[in-house]
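J.: This is the structure I have questions about; it appears just below.
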Amino acid sequence: MTDKMWAEEIANKIFEKEKEVVARNYNRIPYTTEMGKFDDWSGDDKVCWWTNGFWAGMLWQLYHAFSDSSFMECAIGIEEKLDKNLMNYMGMDHDSGFKWLLTSGANFKLTQSEDAKNRFMLAAGNLAGRLNLKANLIRAWNDPENGDTAGWAIIDCMMNLPLLYKASELTKDPRFTQIATAHASRAMDVFIREDGSSHHIITFDPDTGNILKPLGGQGMEEGSSWTRGQSWALYGFGLSYHHTKNYKYLNTAIKVADYILSKIPTTYRIPVDYCQAKDLDWEDDTAAAITASGLLLLSDELSDIDEVRSKKYRDTAVALLKTLAAECCNWESNVDHILENCSAAYHDDHHNFAIIYGDYYFTEAILRLCKKEIFLW
Ligand code: GLY
């Protein structure tokens with residue numbers, strides 16, 4: 001069986017399961033599951049959470065691949081609920097890409113909805129306004145108390161830049177791309193270490209732009225390598241190359257990818273941090289799925305440039321996805337999640353549980369492999 005045929009089988013399995021999951025979760029915005037049932041982050045106190053676009057993104061992917069309108073209706077309902085976030089200034093941080101690329105961006109691409117385009121541009125304008133002009137870095141989070149994080153940028157933000165690239169495409173206004181490339185070029189210099197690994201957080205003086213120090217963030221410690229952060233760097237620089245065709249971003253994505261390939265365990269089960277103790281069983285299936293999807297993108301981008309790397313990245317992505325499908329998925333239709341061993345952060349109390357963005361990237365990567373994906377970044 002070819003890899004594409006294998007991926008088609010898995011895509012069908014996801015679709016069959018998700019038909020039932022959607023039917024019983026029509027009004028929820030899930031982050032994780034409790035006893036196999038989705039929780040709900042659509043309430044006023046949770047609606048601004050950065051992961052609130054992933055379930056809708058997964059539904060748009062499945063709608064596009066399998067044409068079941070219940071997926072589209074549920075996704076549009078989530079997009080409308082996120083208007084509470086759009087109207088909440090403090091809830092508008094750098095994660096607008098994760099939220100509105102996968103909701104309004106998908107909706108506009110598939111239905112040409114003017115409402116969706118309006119939301120998309122409001123989110124892009126807000127993200128653009130977060131660039132610190134001295135540091136050339138986009139501020140990550142807000143803090144209402146005392147501005148402590150005014151000089152914080154994080155590697156995850158590379159994934160949000162396509163909101164800006166696409167805003168320029170939509171409006172023919174280059175400002176958005178100028179802001180995206182200002183951040184990407186500076187991030188390349190300050191986040192990526194000599195060996196190709198990435199810091200999670202970089203702090204800078206928000207008045208002068210001077211770089212202060214890196215922080216370990218969601219990884220084990222500063223100097224270690226948080227696996228999801230590595231996957232954001234790989235995929236994020238790949239996306240900046242995809243949108244600009246600037247080789248410096250491609251070379252950065254390759255440098256990070258080669259670092260990751262040198263660290264992936266022979267089991268293809270991804271830990272929370274590549275530097276964590278070997279006998280610790282904390283895993284992160286989200287990092288595995290994001291890495292796989294990012295490697296597939298990079299493999300496609302390299303197919304005419306570097307055939308050897310292109311094949312190596314594709315083979316590694318397939319190995320990661322086959323391991324996830326065989327060892328880490330819950331295929332029971334009465335359980336709402338798919339991936340079972342995700343972790344939000346190394347120092348959290350809770351590890352190896354379901355997280356919605358793991359399921360999104362797993363679905364995206366499988367559909368990318370069988371060429372049924374709608375490209376949302
Ligand atoms: N963007 C936050 C995270 O990856 O956990």
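By order in the structure tokens, chains are A, B, ...; within a chain, residues start at 1; ligands start at 1, following the order shown.
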Output the neighbourhood of ligand 1 as a ChimeraX atom specification, that is, all protein and nucleic acid residues with some atom at most 9 Å from the ligand, counting only C-alpha atoms and all ligand atoms.
T.: /A:50-51,95,98,154-157,159,218,228-229,232,286-287,343-345
J.: Write out as a VMD selection string the residues lying within 6 Å of Cys342 in chain A, counting only C-alpha atoms and excluding same-chain residues fewer than 2 positions away.
T.: chain A and resid 284 to 286 352 to 354
J.: Restricting the output to N, CA, C and O atoms, write the selected residues as a PDB file, in the first residue's frame.
T.:
ATOM      1  N   ASP A 284       4.385  14.386  23.968  1.00  0.00           N
ATOM      2  CA  ASP A 284       3.549  15.413  23.359  1.00  0.00           C
ATOM      3  C   ASP A 284       3.214  15.045  21.915  1.00  0.00           C
ATOM      4  O   ASP A 284       3.982  15.330  20.994  1.00  0.00           O
ATOM      5  N   ASP A 285       2.044  14.415  21.752  1.00  0.00           N
ATOM      6  CA  ASP A 285       1.581  14.055  20.406  1.00  0.00           C
ATOM      7  C   ASP A 285       1.331  15.297  19.555  1.00  0.00           C
ATOM      8  O   ASP A 285       1.370  15.221  18.330  1.00  0.00           O
ATOM      9  N   THR A 286       1.057  16.448  20.198  1.00  0.00           N
ATOM     10  CA  THR A 286       0.847  17.665  19.390  1.00  0.00           C
ATOM     11  C   THR A 286       2.150  18.013  18.677  1.00  0.00           C
ATOM     12  O   THR A 286       2.130  18.377  17.500  1.00  0.00           O
ATOM     13  N   ASN A 352       0.235  13.885  29.102  1.00  0.00           N
ATOM     14  CA  ASN A 352      -0.318  12.743  28.360  1.00  0.00           C
ATOM     15  C   ASN A 352      -1.845  12.724  28.404  1.00  0.00           C
ATOM     16  O   ASN A 352      -2.465  11.775  28.887  1.00  0.00           O
ATOM     17  N   PHE A 353      -2.436  13.797  27.892  1.00  0.00           N
ATOM     18  CA  PHE A 353      -3.895  13.887  27.812  1.00  0.00           C
ATOM     19  C   PHE A 353      -4.282  14.436  26.425  1.00  0.00           C
ATOM     20  O   PHE A 353      -3.410  14.730  25.607  1.00  0.00           O
ATOM     21  N   ALA A 354      -5.581  14.561  26.183  1.00  0.00           N
ATOM     22  CA  ALA A 354      -6.065  15.036  24.873  1.00  0.00           C
ATOM     23  C   ALA A 354      -5.999  16.554  24.799  1.00  0.00           C
ATOM     24  O   ALA A 354      -6.364  17.232  25.759  1.00  0.00           O
TER      25      ALA A 354
END
J.: Could you state the separation of CA of Lys134 in chain A and CA of Ala182 in chain A in Å, given to one decimal place?
T.: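 For CA of Lys134 in chain A relative to CA of Ala182 in chain A, the distance reads 10.7 Å.
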J.: Apply DSSP to the backbone of this structure and, from range 156-376 of chain A, keep only the residues in helix (DSSP H, G or I); write these as a ChimeraX atom specification.
T.: /A:156-160,162-171,175-191,227-244,247-263,285-302,307-328,356-369
J.: Could you write out, as a PyMOL selection string, all the residues of range 246-369 of chain A that DSSP marks as strand (DSSP E or B)?
T.: chain A and resi 271+273+283+329+339+342+353
J.: May I ask which of the residues A:Phe15, A:Trp282, A:Tyr268, A:Tyr241 is the closest one to Thr316 in chain A, counting only C-alpha atoms?
T.: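 Between A:Phe15, A:Trp282, A:Tyr268, A:Tyr241, the residue approaching Thr316 in chain A most closely is A:Tyr268.
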J.: Would you list the contacts of Ser299 in chain A as a ChimeraX atom specification, taking every protein, DNA or RNA residue within 6 Å and counting only C-alpha atoms, but skipping same-chain residues closer than 5 positions in sequence?
T.: /A:310,313-314
J.: Counting only C-alpha atoms, which residues of range 34-77 of chain A fall within 6 Å of range 101-123 of chain A, and what is the closest atom pair for each with its distance in Å at one decimal, ordered by chain and rising number, as CSV?
T.:
residue,atom,partner,partner_atom,distance
A:Gly53,CA,A:Leu102,CA,5.7
A:Ala56,CA,A:Thr103,CA,5.9
A:Gly57,CA,A:Leu102,CA,4.4
J.: Those same residues - N, CA, C and O atoms - I'd like them written as a compact mmCIF listing (two decimals), in the first residue's frame.
T.:
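Okay, this is what ended up in selection-v4.txt:
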# COMPACT_ATOMS: atom_id res chain seq x y z
N GLY A 53 -9.74 28.18 17.85
CA GLY A 53 -10.01 28.02 16.41
C GLY A 53 -9.78 26.61 15.89
O GLY A 53 -10.16 26.29 14.76
N ALA A 56 -12.85 24.25 14.92
CA ALA A 56 -13.47 24.74 13.68
C ALA A 56 -12.56 24.44 12.47
O ALA A 56 -13.04 24.04 11.41
N GLY A 57 -11.25 24.63 12.64
CA GLY A 57 -10.32 24.36 11.54
C GLY A 57 -10.39 22.91 11.11
O GLY A 57 -10.39 22.59 9.91
J.: In Å, with one decimal, what is the gap from CA of Tyr26 in chain A to CA of Asp93 in chain A?
T.: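 One can read the CA of Tyr26 in chain A to CA of Asp93 in chain A distance as 26.7 Å.
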J.: Leaving out range 140-151 of chain A and any residue of its chain fewer than 6 positions from it, which residues lie within 8 Å of it when counting only C-alpha atoms, given as a CSV table (one decimal) with N, CA and C atoms, in the first residue's frame?
T.:
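Saved result, out.csv, follows:
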chain,number,residue,atom,x,y,z
A,90,MET,N,-8.3,43.1,25.4
A,90,MET,CA,-7.3,42.4,26.2
A,90,MET,C,-7.2,40.9,25.7
A,91,GLY,N,-8.2,40.4,25.1
A,91,GLY,CA,-8.2,39.0,24.6
A,91,GLY,C,-7.6,38.9,23.2
A,93,ASP,N,-4.5,38.9,21.4
A,93,ASP,CA,-3.0,38.9,21.5
A,93,ASP,C,-2.4,38.4,20.2
A,94,HIS,N,-1.2,37.9,20.3
A,94,HIS,CA,-0.5,37.5,19.0
A,94,HIS,C,-1.1,36.2,18.4
A,95,ASP,N,-2.0,35.5,19.2
A,95,ASP,CA,-2.5,34.2,18.7
A,95,ASP,C,-3.7,34.4,17.7
A,157,CYS,N,4.7,32.6,17.6
A,157,CYS,CA,4.2,33.6,16.8
A,157,CYS,C,4.4,33.4,15.3
A,203,THR,N,13.0,38.0,25.6
A,203,THR,CA,12.6,39.3,26.2
A,203,THR,C,13.5,40.4,25.7
A,204,PHE,N,12.8,41.6,25.5
A,204,PHE,CA,13.6,42.7,25.1
A,204,PHE,C,13.1,44.0,25.8
A,205,ASP,N,13.9,45.0,25.7
A,205,ASP,CA,13.5,46.3,26.3
A,205,ASP,C,12.5,47.0,25.3
A,206,PRO,N,11.2,47.2,25.7
A,206,PRO,CA,10.2,47.6,24.8
A,206,PRO,C,10.5,49.1,24.3
J.: What is the CA of Ile254 in chain A to CA of Leu298 in chain A distance in Å?
T.: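 Interatomic distance, CA of Ile254 in chain A to CA of Leu298 in chain A: 8.0 Å.
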J.: Excluding range 370-374 of chain A and residues on its chain fewer than 5 positions from it, collect all residues at most 10 Å away from it, counting only C-alpha atoms, and give them as a PyMOL selection string.
T.: chain A and resi 3-11+57+60-66+106+109-110+363-365
J.: Within 12 Å of Gly196 in chain A, counting only C-alpha atoms, which residues show up once you throw out same-chain ones fewer than 4 positions away? Write them as a PyMOL selection string, please.
T.: chain A and resi 188-192+225+230-231+233-234+251-263
J.: Nearest residue to Arg309 in chain A out of A:Val22, A:Leu295, A:Ser67, A:Tyr31, using only C-alpha atoms?
T.: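 Of all the options, A:Leu295 lies closest to Arg309 in chain A.
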